[in-house]
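Only one structure is covered here, and it is reproduced in the block below.
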Protein chains: 4
Amino acid sequence: MILVMSPEATKEQIESAASQIESWGHRASVTIGEEQTIIGIIGDKRDLAGRALTAISGVEKVLEVSAPYKLASRHFHPEDTVIDVCGVKVGGGHRCVMAGPCSVDTYDNLIEIAKSVKAAGATMLRGGAFKPRTSPYTFQGGGEEALKMLAEAKKETGMPIVTELMSEKDIDVICKYADVIQLGARNMQNFSLLKEVGKLGKPVLLKNGIASTVAEHLMSAEYLMSEGLKDVMLCLRGVRSYETALRNTLELAIVSYLKTHTHLPIIVDPSHAAGKREYVMPLAYAGWAVGADGLVIEVHPNPKCALSDGEQALLPTDFDYLMKKINAVEPWSQADWAKQAKKV
Amino acid sequence: MILVMSPEATKEQIESAASQIESWGHRASVTIGEEQTIIGIIGDKRDLAGRALTAISGVEKVLEVSAPYKLASRHFHPEDTVIDVCGVKVGGGHRCVMAGPCSVDTYDNLIEIAKSVKAAGATMLRGGAFKPRTSPYTFQGGGEEALKMLAEAKKETGMPIVTELMSEKDIDVICKYADVIQLGARNMQNFSLLKEVGKLGKPVLLKNGIASTVAEHLMSAEYLMSEGLKDVMLCLRGVRSYETALRNTLELAIVSYLKTHTHLPIIVDPSHAAGKREYVMPLAYAGWAVGADGLVIEVHPNPKCALSDGEQALLPTDFDYLMKKINAVEPWSQADWAKQAKKV
Amino acid sequence: MILVMSPEATKEQIESAASQIESWGHRASVTIGEEQTIIGIIGDKRDLAGRALTAISGVEKVLEVSAPYKLASRHFHPEDTVIDVCGVKVGGGHRCVMAGPCSVDTYDNLIEIAKSVKAAGATMLRGGAFKPRTSPYTFQGGGEEALKMLAEAKKETGMPIVTELMSEKDIDVICKYADVIQLGARNMQNFSLLKEVGKLGKPVLLKNGIASTVAEHLMSAEYLMSEGLKDVMLCLRGVRSYETALRNTLELAIVSYLKTHTHLPIIVDPSHAAGKREYVMPLAYAGWAVGADGLVIEVHPNPKCALSDGEQALLPTDFDYLMKKINAVEPWSQADWAKQAKKV
Amino acid sequence: MILVMSPEATKEQIESAASQIESWGHRASVTIGEEQTIIGIIGDKRDLAGRALTAISGVEKVLEVSAPYKLASRHFHPEDTVIDVCGVKVGGGHRCVMAGPCSVDTYDNLIEIAKSVKAAGATMLRGGAFKPRTSPYTFQGGGEEALKMLAEAKKETGMPIVTELMSEKDIDVICKYADVIQLGARNMQNFSLLKEVGKLGKPVLLKNGIASTVAEHLMSAEYLMSEGLKDVMLCLRGVRSYETALRNTLELAIVSYLKTHTHLPIIVDPSHAAGKREYVMPLAYAGWAVGADGLVIEVHPNPKCALSDGEQALLPTDFDYLMKKINAVEPWSQADWAKQAKKV
């Protein structure tokens, strides 16, 4: 970290700030500029985490040098993490497609969806049993009944189950059925939940928060990993912006940014980002092209009767069409480009 | 709600959409415009919550007419809610000031803060024992030890305790010590937690989410209230924007918007919004002037050694200065203005 | 448009609002709901543009039904607009790639870039002569000297010239050299300039504003078109968000949204969106895959010495690599999907 | 500025980066940290403006130390600028209230407004003659006829005129009538216009852009000042956010931030921020309380017939009520607080 001293800071303030840093066990390197002095802090920044460095007399601002995440960083773990979910691999060149209904409603719908998405090429089945809803008056999910249907569908199709965990009190029931635990946007910074889930050892699909930064998303992965978990997939579902034409805003260049900065697999969720069936498909296609390690897509045979998020559900025929297109496109590989590129 | 049909919608699609609405038990009122047809839906919108109306053939978009919250709405409860916290009243013209350290660290610091803010005019003591932190490597709060210190400070000063609950598993220990349960920005949409807290009967200070809308904030209050709770204070702590000059962005006109649309007390948190001691004070002053029912302010005698958020902590002398200013200003009253105003 | 009356509106207020609407020459269609009454306004909304409908007594809010743009709307012009720039076609299945330096600096650099991008497959040459810069202390563009170099490069390579116009006073000099007039983000709502440029008859590349909505972007196209211009390309360069990992945020699903709502060609600018060479390429690739009608990409042989935006410039070898990848990918076609899809 | 080298940067890259900096005439100060090396650049950063420092091999990112604005900075000009507009002073403890219609429509309305706002305590008359409108189909302003009416009203009331300039071609006509030239949100980064207006010598009211940062707002003032102008007022009218409850979002703590960082007067525009009459008033009151040097407020006797922005216009009676309240409140003074505060 770097302390930028105010242009008005006195010699005494500069010396006192440097002493303060050294009293905390770090080295201070002072550079006197034409207008302002800066003090480089040398040492493990985690030891200073939470210190109010701007409250030191004469300090104007604090600049961050290194990333706050370590376990999730590619710098400390250069090889791609490859996650194995009941034999389905994700990461390191292995790509997956998770598909299914937003909310599990009836077994007939679920099995129709599961069979059709499998036939089209999906490799995991996603379906919601516990649903975070903005309104207490909307459908809150089918609970364990829905999980049992997912287990049935898994038996029928062989596809592993991805389903959302919303609360520490549901950990046992979710673990009984889920192969991948999904943590949703609203729980990305539910730190109590992250700490518990980090201990379970099950692969996690961690969605970004509704207005999280990329760095915060990585820090939430770091919470999971600091409890011992290795198998974390980062899922991009877009963020809130002022634009109302689409549900959310998903910048696909973040996939490349993340592939550069972390070894964890990156999954794109076009359904929640685009929010409307006709825009979900091209965004899924572009997400595949940009080089994501996987997609998670909502599918329902009768969207207008779906119990949640029907407006963004693909029909099984849409999904089939999309998969055919996806199979014909070569995903961008940042590693391939890097091989031929040389920095100026 | 209103269905706006696409300009390309056929007569059959319009009739079929109207029938679909009526099959769900609502009345459909069709208005044929020059370019587009609209269908008004008459009935309790909560019965349609979650229905994918835009997935109906020919529908271009859905417009909301009435607010999705009922229990929190001033329309259904015109009188201000007045909350009594151990004799300290909030709402309906009663204003409060909650003050204290972001994190409780030592008892000496706590009692110094508590006594000085009380002397300056604070009416409740806020202090954190369980802290939501972006990084797993930062101080996570003092836990029950910190709560015990708060209890001691309450005994000494008589001020009721406001402290944050982060997880369902801490409900018992928090309830043992807290007079007001604070729910933080990251848990505003932790719906499992909201449902449990709504059953406890204790007053709640509900902060807005880091990028929540005013309507979502009210819907989270609605979650608490739909479990039977009446005593909810809405706390504004600003939202995330692209601006980096300040920590967050707090639009004070939202206080007036909320006073118009809900009967619940509105509390302004200038500390997390402004994020730096020198801007916290004028924002607190403006928040009082605009007519909030209360303020919640972080105070620490030695900010650079505070275990969290020291850069935004006021010194006790700052707080004293602020309270003197506040006591001299007359808060804006929307009700007083309304009395003399007549709509054009 | 629809007036939503307040739940507290009286019968007199409702009748008076309806009369007011009719006094302005429109029809009012009143629907009485369970909680609130709505009044549909039938007639050309453009006649009411700017009227303060919410200032009518008893009105709570106004909802928009139809789009405010007409000339740019696909509803009124179902076929794709195809623009011919000196023989290079854009739109209606014709795709283009515009490439060149952010700022024209030396003729040697320019001609090297022009020849290499042409060899790689670019079809137009873009280069800046007048530069909008946040700081008055940075390079402001080479002016007419730079335009002359562009003209030379056009003579050498045959590629038409795309260059930015910043001010009405530069119209003559720009028109002397430009084949496509670029209007930048900061001028998207420079309405005086739009009105003048709309009269020139030259094709325009209209970038979205730094925080414009899709609807505002279309309304600025409407300004150009209302002066008689037909050849408008909408260029997406991302918008501002709170995220700092990348320069801007570009949601590619907006390409599909625009292709659905307008007949104008859509161009993606990955350089300004991603802001860093290594992320520009995958975003360009994804932008091509999602179905844009063209790309505009910054290229420079020695980025660290470029006079502006060097950090996002591709090397000529990068550009060549990108073009090979692009040529192998089939762009998504919303029209092809629509043919096989049927709405539920 | 500081170059942060990548953790993977080699010794050669670090040395080469330092040499590159020195070859541009600056000194490079290298600090080797535990994970990453930083290079402090010593010298006038304006000489490096626009250089693509991140395109230097091995550089991960560039951190800014000092502010990019100089003429607008309080550091280089500690005393408040006081502007004299025909005898009305603004800044340095002098506060002003500018009031009038959004668009000038009829002379009768204008003179009624002017007389009533003057009686209530306004000190300048603002009124629009050239209007920037999102849609080409809405009222674009009364032009010189409207300016003539303003001149009449000035003669009647003695109040100086504030009116918006939208285009370089209107400079002559605006200068003939205006005492303060208003530059609107959409033109905050119309750099051609800023350069011309900076030469005129007339006081300017510079509104922030729809999504500008505070630093960009100051840089646009710097454009005006770098042409010789001294009399610039910064006007805060809120920025765009995802919130739809109000028109824009105005963080009043920015007033204090600006008062700390610049010597220029700060004006608050509650009308465009709040966007609705009932929220404009409390925001104006809070803006006064927080310590702004002035307010600019829209007033109209018959808002529903106003030709623009009627929904946010105050009635003359509202304005009178507001002024009485404002006159009773003591504005926050950051300077007074600083006198008694001592940094920890």
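Ligands are numbered from 1 in the order shown, chains are lettered A, B, ... in the order of the structure tokens, and residues start at 1 in each chain.
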Self-check item: Residues of chain A within 7 Å of chain B, counting only C-alpha atoms, as a PyMOL selection string
Solution: chain A and resi 46+49-56+132+134-139+167+186-187+189-192+211+216+219+223+303-311
Please, could you write that set of residues out with N, CA and C atoms as a JSON list (two decimals), in the first residue's frame?
[["chain", "number", "residue", "atom", "x", "y", "z"],
["A", 46, "ARG", "N", -2.12, -7.76, 4.49],
["A", 46, "ARG", "CA", -3.20, -8.33, 5.29],
["A", 46, "ARG", "C", -3.05, -7.98, 6.77],
["A", 49, "ALA", "N", -4.90, -4.83, 7.38],
["A", 49, "ALA", "CA", -6.30, -4.80, 6.94],
["A", 49, "ALA", "C", -7.17, -4.16, 8.00],
["A", 50, "GLY", "N", -7.95, -3.20, 7.60],
["A", 50, "GLY", "CA", -8.88, -2.57, 8.52],
["A", 50, "GLY", "C", -8.29, -1.36, 9.24],
["A", 51, "ARG", "N", -6.97, -1.20, 9.22],
["A", 51, "ARG", "CA", -6.37, -0.02, 9.84],
["A", 51, "ARG", "C", -6.84, 1.24, 9.10],
["A", 52, "ALA", "N", -7.13, 2.26, 9.85],
["A", 52, "ALA", "CA", -7.64, 3.49, 9.23],
["A", 52, "ALA", "C", -6.46, 4.37, 8.85],
["A", 53, "LEU", "N", -5.78, 3.99, 7.78],
["A", 53, "LEU", "CA", -4.56, 4.71, 7.42],
["A", 53, "LEU", "C", -4.84, 6.17, 7.06],
["A", 54, "THR", "N", -6.03, 6.44, 6.52],
["A", 54, "THR", "CA", -6.34, 7.83, 6.18],
["A", 54, "THR", "C", -6.62, 8.67, 7.42],
["A", 55, "ALA", "N", -6.74, 8.01, 8.56],
["A", 55, "ALA", "CA", -6.94, 8.79, 9.79],
["A", 55, "ALA", "C", -5.60, 9.23, 10.38],
["A", 56, "ILE", "N", -4.49, 8.82, 9.78],
["A", 56, "ILE", "CA", -3.17, 9.30, 10.23],
["A", 56, "ILE", "C", -3.02, 10.75, 9.77],
["A", 132, "PRO", "N", -34.73, -16.99, -3.48],
["A", 132, "PRO", "CA", -34.73, -15.64, -2.90],
["A", 132, "PRO", "C", -35.61, -14.74, -3.74],
["A", 134, "THR", "N", -37.77, -10.96, -4.08],
["A", 134, "THR", "CA", -37.87, -9.58, -3.57],
["A", 134, "THR", "C", -39.13, -9.38, -2.73],
["A", 135, "SER", "N", -40.19, -10.06, -3.08],
["A", 135, "SER", "CA", -41.47, -9.87, -2.39],
["A", 135, "SER", "C", -41.81, -11.09, -1.54],
["A", 136, "PRO", "N", -42.29, -10.87, -0.30],
["A", 136, "PRO", "CA", -42.71, -12.01, 0.52],
["A", 136, "PRO", "C", -43.98, -12.66, -0.02],
["A", 137, "TYR", "N", -44.61, -12.01, -0.98],
["A", 137, "TYR", "CA", -45.89, -12.53, -1.50],
["A", 137, "TYR", "C", -45.71, -13.42, -2.72],
["A", 138, "THR", "N", -44.48, -13.63, -3.17],
["A", 138, "THR", "CA", -44.26, -14.49, -4.34],
["A", 138, "THR", "C", -43.80, -15.87, -3.91],
["A", 139, "PHE", "N", -43.87, -16.80, -4.84],
["A", 139, "PHE", "CA", -43.49, -18.20, -4.62],
["A", 139, "PHE", "C", -42.07, -18.30, -4.08],
["A", 167, "SER", "N", -29.58, -20.38, 3.12],
["A", 167, "SER", "CA", -29.50, -20.16, 4.57],
["A", 167, "SER", "C", -28.71, -21.28, 5.23],
["A", 186, "ARG", "N", -27.63, -12.32, -3.93],
["A", 186, "ARG", "CA", -27.94, -11.65, -2.67],
["A", 186, "ARG", "C", -27.15, -12.20, -1.49],
["A", 187, "ASN", "N", -26.55, -13.37, -1.68],
["A", 187, "ASN", "CA", -25.75, -13.96, -0.60],
["A", 187, "ASN", "C", -24.26, -13.90, -0.88],
["A", 189, "GLN", "N", -22.22, -11.72, -0.30],
["A", 189, "GLN", "CA", -21.51, -11.18, 0.86],
["A", 189, "GLN", "C", -22.23, -11.53, 2.16],
["A", 190, "ASN", "N", -22.88, -12.69, 2.17],
["A", 190, "ASN", "CA", -23.39, -13.26, 3.42],
["A", 190, "ASN", "C", -22.23, -14.06, 4.00],
["A", 191, "PHE", "N", -21.38, -13.35, 4.77],
["A", 191, "PHE", "CA", -20.09, -13.93, 5.14],
["A", 191, "PHE", "C", -20.24, -15.12, 6.08],
["A", 192, "SER", "N", -21.27, -15.10, 6.94],
["A", 192, "SER", "CA", -21.51, -16.25, 7.81],
["A", 192, "SER", "C", -21.77, -17.49, 6.97],
["A", 211, "ALA", "N", -24.46, -5.64, -7.31],
["A", 211, "ALA", "CA", -23.62, -4.49, -7.67],
["A", 211, "ALA", "C", -22.22, -4.69, -7.10],
["A", 216, "GLU", "N", -14.51, -7.68, -5.29],
["A", 216, "GLU", "CA", -15.33, -8.21, -4.20],
["A", 216, "GLU", "C", -15.77, -9.64, -4.48],
["A", 219, "MET", "N", -12.98, -11.69, -3.57],
["A", 219, "MET", "CA", -12.81, -11.76, -2.11],
["A", 219, "MET", "C", -13.83, -12.71, -1.49],
["A", 223, "TYR", "N", -13.10, -15.99, 0.80],
["A", 223, "TYR", "CA", -13.74, -16.45, 2.05],
["A", 223, "TYR", "C", -13.95, -17.97, 2.02],
["A", 303, "PRO", "N", -43.16, -21.18, -20.35],
["A", 303, "PRO", "CA", -42.67, -20.05, -19.54],
["A", 303, "PRO", "C", -43.75, -19.23, -18.88],
["A", 304, "LYS", "N", -44.89, -19.02, -19.53],
["A", 304, "LYS", "CA", -45.86, -18.10, -18.93],
["A", 304, "LYS", "C", -46.47, -18.69, -17.66],
["A", 305, "CYS", "N", -46.34, -20.01, -17.48],
["A", 305, "CYS", "CA", -46.83, -20.63, -16.25],
["A", 305, "CYS", "C", -45.70, -20.98, -15.28],
["A", 306, "ALA", "N", -44.46, -20.64, -15.63],
["A", 306, "ALA", "CA", -43.35, -20.89, -14.70],
["A", 306, "ALA", "C", -43.59, -20.11, -13.42],
["A", 307, "LEU", "N", -43.13, -20.64, -12.29],
["A", 307, "LEU", "CA", -43.40, -19.98, -11.01],
["A", 307, "LEU", "C", -42.42, -18.86, -10.70],
["A", 308, "SER", "N", -41.38, -18.74, -11.49],
["A", 308, "SER", "CA", -40.48, -17.58, -11.36],
["A", 308, "SER", "C", -39.69, -17.40, -12.64],
["A", 309, "ASP", "N", -39.41, -16.17, -12.96],
["A", 309, "ASP", "CA", -38.50, -15.81, -14.05],
["A", 309, "ASP", "C", -38.85, -16.44, -15.40],
["A", 310, "GLY", "N", -40.14, -16.66, -15.65],
["A", 310, "GLY", "CA", -40.53, -17.25, -16.92],
["A", 310, "GLY", "C", -40.15, -16.41, -18.12],
["A", 311, "GLU", "N", -40.07, -15.09, -17.96],
["A", 311, "GLU", "CA", -39.81, -14.24, -19.12],
["A", 311, "GLU", "C", -38.42, -14.46, -19.70]]
Self-check item: D:Lys115 surroundings by only C-alpha atoms, 9 Å radius, close-in-sequence under 4 positions cut, as a ChimeraX atom specification
Solution: /D:110-111,119-120,153,156-157
Quiz item: Residues at most 7 Å from B:Ala292, counting only C-alpha atoms, excluding those fewer than 6 positions away in the same chain, as a list in words?
Solution: Val255, Ile266, Ile267 and Val268 of chain B
Print the selection's residues with C-alpha atoms to a file, as a short mmCIF file (atom, residue, chain, number, x, y, z; two decimals), in the first residue's frame.
data_model
loop_
_atom_site.label_atom_id
_atom_site.label_comp_id
_atom_site.auth_asym_id
_atom_site.auth_seq_id
_atom_site.Cartn_x
_atom_site.Cartn_y
_atom_site.Cartn_z
CA VAL B 255 -35.94 10.92 3.06
CA ILE B 266 -36.34 7.05 8.57
CA ILE B 267 -32.80 7.14 9.96
CA VAL B 268 -29.84 8.66 8.09
#
Quiz prompt | Selection: 7 Å around stretch 232-237 of chain B, only C-alpha atoms, excl. self and same-chain fewer than 6 positions, as a PyMOL selection string | solution = chain B and resi 203-208+221+250+264-270+272-273
Exercise. From stretch 204-240 of chain A, collect each residue whose DSSP state is strand (DSSP E) and return the set as a VMD selection string.
Key: chain A and resid 204 to 207 232 to 236
Quiz item: Between atom CA of C:Gly40 and atom CA of C:Glu15, what is the spacing in Å?
Solution: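 Separating atom CA of C:Glu15 from atom CA of C:Gly40 is a distance of 12.9 Å.
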Quiz item: Skipping near chain neighbours, those fewer than 5 positions away, what residues fall within 10 Å of C:Lys11 using only C-alpha atoms, listed as an NGL selection string?
Solution: :C and (16-17 or 37 or 58)
Export of prior selection with all heavy atoms as an mmCIF file, in the first residue's frame:
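Contents of result.cif, freshly written:
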data_model
loop_
_atom_site.group_PDB
_atom_site.id
_atom_site.type_symbol
_atom_site.label_atom_id
_atom_site.label_comp_id
_atom_site.auth_asym_id
_atom_site.auth_seq_id
_atom_site.Cartn_x
_atom_site.Cartn_y
_atom_site.Cartn_z
ATOM 1 N N SER C 16 -61.350 15.742 -13.884
ATOM 2 C CA SER C 16 -60.664 16.945 -14.330
ATOM 3 C C SER C 16 -59.411 16.596 -15.131
ATOM 4 O O SER C 16 -59.090 17.243 -16.130
ATOM 5 C CB SER C 16 -60.347 17.797 -13.098
ATOM 6 O OG SER C 16 -59.343 18.710 -13.378
ATOM 7 N N ALA C 17 -58.721 15.538 -14.712
ATOM 8 C CA ALA C 17 -57.532 15.114 -15.455
ATOM 9 C C ALA C 17 -57.941 14.656 -16.858
ATOM 10 O O ALA C 17 -57.297 15.001 -17.868
ATOM 11 C CB ALA C 17 -56.823 13.985 -14.709
ATOM 12 N N THR C 37 -56.957 4.317 -10.156
ATOM 13 C CA THR C 37 -57.545 4.510 -11.472
ATOM 14 C C THR C 37 -56.449 4.868 -12.462
ATOM 15 O O THR C 37 -55.508 5.578 -12.117
ATOM 16 C CB THR C 37 -58.590 5.641 -11.397
ATOM 17 O OG1 THR C 37 -59.687 5.158 -10.627
ATOM 18 C CG2 THR C 37 -59.072 6.057 -12.786
ATOM 19 N N GLY C 58 -53.768 15.134 -8.676
ATOM 20 C CA GLY C 58 -54.200 13.761 -8.449
ATOM 21 C C GLY C 58 -53.405 12.722 -9.219
ATOM 22 O O GLY C 58 -53.578 11.529 -9.011
#
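Pairwise distance (atom CA of D:Ser116, atom CA of D:Ile297) equals 13.2 Å.
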Quiz item: So which bits of stretch 133-236 of chain C end up alpha helix (DSSP H) when you DSSP the backbone, as a PyMOL selection string?
Solution: chain C and resi 144-157+171-177+191-197+214-226
Selection file, N, CA and C atoms, as a compact mmCIF listing (two decimals), in the first residue's frame:
# COMPACT_ATOMS: atom_id res chain seq x y z
N GLU C 144 -6.19 19.80 -39.16
CA GLU C 144 -6.26 19.55 -40.61
C GLU C 144 -5.03 18.80 -41.12
N GLU C 145 -3.85 19.02 -40.48
CA GLU C 145 -2.67 18.26 -40.90
C GLU C 145 -2.95 16.75 -40.83
N ALA C 146 -3.60 16.36 -39.73
CA ALA C 146 -3.92 14.95 -39.55
C ALA C 146 -4.93 14.48 -40.60
N LEU C 147 -5.87 15.36 -40.93
CA LEU C 147 -6.87 14.99 -41.95
C LEU C 147 -6.19 14.79 -43.31
N LYS C 148 -5.21 15.62 -43.60
CA LYS C 148 -4.50 15.46 -44.88
C LYS C 148 -3.76 14.13 -44.94
N MET C 149 -3.19 13.75 -43.81
CA MET C 149 -2.52 12.44 -43.78
C MET C 149 -3.52 11.31 -44.02
N LEU C 150 -4.70 11.46 -43.44
CA LEU C 150 -5.74 10.44 -43.66
C LEU C 150 -6.10 10.37 -45.15
N ALA C 151 -6.18 11.54 -45.77
CA ALA C 151 -6.51 11.57 -47.20
C ALA C 151 -5.43 10.86 -48.01
N GLU C 152 -4.18 11.09 -47.64
CA GLU C 152 -3.08 10.38 -48.30
C GLU C 152 -3.22 8.87 -48.15
N ALA C 153 -3.50 8.48 -46.90
CA ALA C 153 -3.60 7.04 -46.61
C ALA C 153 -4.78 6.42 -47.36
N LYS C 154 -5.83 7.21 -47.53
CA LYS C 154 -6.98 6.72 -48.31
C LYS C 154 -6.55 6.50 -49.76
N LYS C 155 -5.77 7.46 -50.30
CA LYS C 155 -5.31 7.33 -51.68
C LYS C 155 -4.46 6.07 -51.84
N GLU C 156 -3.63 5.82 -50.85
CA GLU C 156 -2.73 4.65 -50.90
C GLU C 156 -3.48 3.32 -50.81
N THR C 157 -4.51 3.29 -49.93
CA THR C 157 -5.11 1.99 -49.60
C THR C 157 -6.52 1.82 -50.14
N ILE C 171 -17.16 21.76 -39.26
CA ILE C 171 -17.93 20.98 -40.22
C ILE C 171 -17.29 21.03 -41.61
N ASP C 172 -16.90 22.21 -42.06
CA ASP C 172 -16.37 22.30 -43.43
C ASP C 172 -15.10 21.48 -43.62
N VAL C 173 -14.18 21.63 -42.68
CA VAL C 173 -12.91 20.93 -42.85
C VAL C 173 -13.11 19.41 -42.73
N ILE C 174 -13.97 19.00 -41.83
CA ILE C 174 -14.22 17.56 -41.69
C ILE C 174 -14.88 17.01 -42.96
N CYS C 175 -15.85 17.74 -43.48
CA CYS C 175 -16.57 17.26 -44.67
C CYS C 175 -15.64 17.13 -45.88
N LYS C 176 -14.60 17.93 -45.90
CA LYS C 176 -13.65 17.88 -47.02
C LYS C 176 -12.92 16.53 -47.07
N TYR C 177 -12.75 15.89 -45.91
CA TYR C 177 -11.92 14.68 -45.85
C TYR C 177 -12.68 13.40 -45.44
N PHE C 191 -27.18 18.71 -29.06
CA PHE C 191 -28.29 18.73 -30.01
C PHE C 191 -28.08 19.73 -31.14
N SER C 192 -27.41 20.84 -30.87
CA SER C 192 -27.11 21.80 -31.94
C SER C 192 -26.27 21.13 -33.01
N LEU C 193 -25.28 20.39 -32.58
CA LEU C 193 -24.40 19.70 -33.52
C LEU C 193 -25.17 18.62 -34.29
N LEU C 194 -26.00 17.88 -33.59
CA LEU C 194 -26.79 16.83 -34.25
C LEU C 194 -27.64 17.42 -35.37
N LYS C 195 -28.27 18.56 -35.07
CA LYS C 195 -29.17 19.15 -36.08
C LYS C 195 -28.38 19.57 -37.33
N GLU C 196 -27.18 20.11 -37.12
CA GLU C 196 -26.37 20.53 -38.27
C GLU C 196 -25.90 19.32 -39.06
N VAL C 197 -25.42 18.32 -38.35
CA VAL C 197 -24.87 17.14 -39.03
C VAL C 197 -25.95 16.37 -39.78
N VAL C 214 -30.21 3.23 -23.88
CA VAL C 214 -30.44 2.80 -25.26
C VAL C 214 -31.49 3.71 -25.92
N ALA C 215 -32.50 4.08 -25.15
CA ALA C 215 -33.56 4.93 -25.71
C ALA C 215 -33.02 6.32 -26.06
N GLU C 216 -32.14 6.84 -25.24
CA GLU C 216 -31.57 8.16 -25.54
C GLU C 216 -30.66 8.10 -26.78
N HIS C 217 -29.94 6.99 -26.90
CA HIS C 217 -29.09 6.80 -28.07
C HIS C 217 -29.96 6.83 -29.34
N LEU C 218 -31.06 6.13 -29.28
CA LEU C 218 -31.98 6.11 -30.42
C LEU C 218 -32.59 7.49 -30.65
N MET C 219 -32.86 8.23 -29.57
CA MET C 219 -33.42 9.57 -29.75
C MET C 219 -32.41 10.51 -30.40
N SER C 220 -31.13 10.30 -30.14
CA SER C 220 -30.13 11.14 -30.80
C SER C 220 -30.02 10.79 -32.28
N ALA C 221 -30.18 9.51 -32.60
CA ALA C 221 -30.28 9.13 -34.01
C ALA C 221 -31.50 9.80 -34.64
N GLU C 222 -32.57 9.85 -33.86
CA GLU C 222 -33.80 10.47 -34.34
C GLU C 222 -33.58 11.96 -34.66
N TYR C 223 -32.78 12.64 -33.86
CA TYR C 223 -32.43 14.04 -34.15
C TYR C 223 -31.79 14.13 -35.54
N LEU C 224 -30.79 13.28 -35.79
CA LEU C 224 -30.11 13.29 -37.09
C LEU C 224 -31.11 13.02 -38.21
N MET C 225 -31.96 12.02 -37.99
CA MET C 225 -32.88 11.59 -39.03
C MET C 225 -34.00 12.59 -39.25
N SER C 226 -34.37 13.32 -38.21
CA SER C 226 -35.45 14.30 -38.37
C SER C 226 -34.98 15.47 -39.23
Exercise. Would you kindly return, as a PyMOL selection string, each protein, DNA or RNA residue with an atom no farther than 10 Å from any atom of D:Ile161, considering only C-alpha atoms and excluding same-chain residues fewer than 2 positions away?
Key: chain D and resi 85-86+98-100+123-127+147+150-151+153-154+158-159+163+177-181
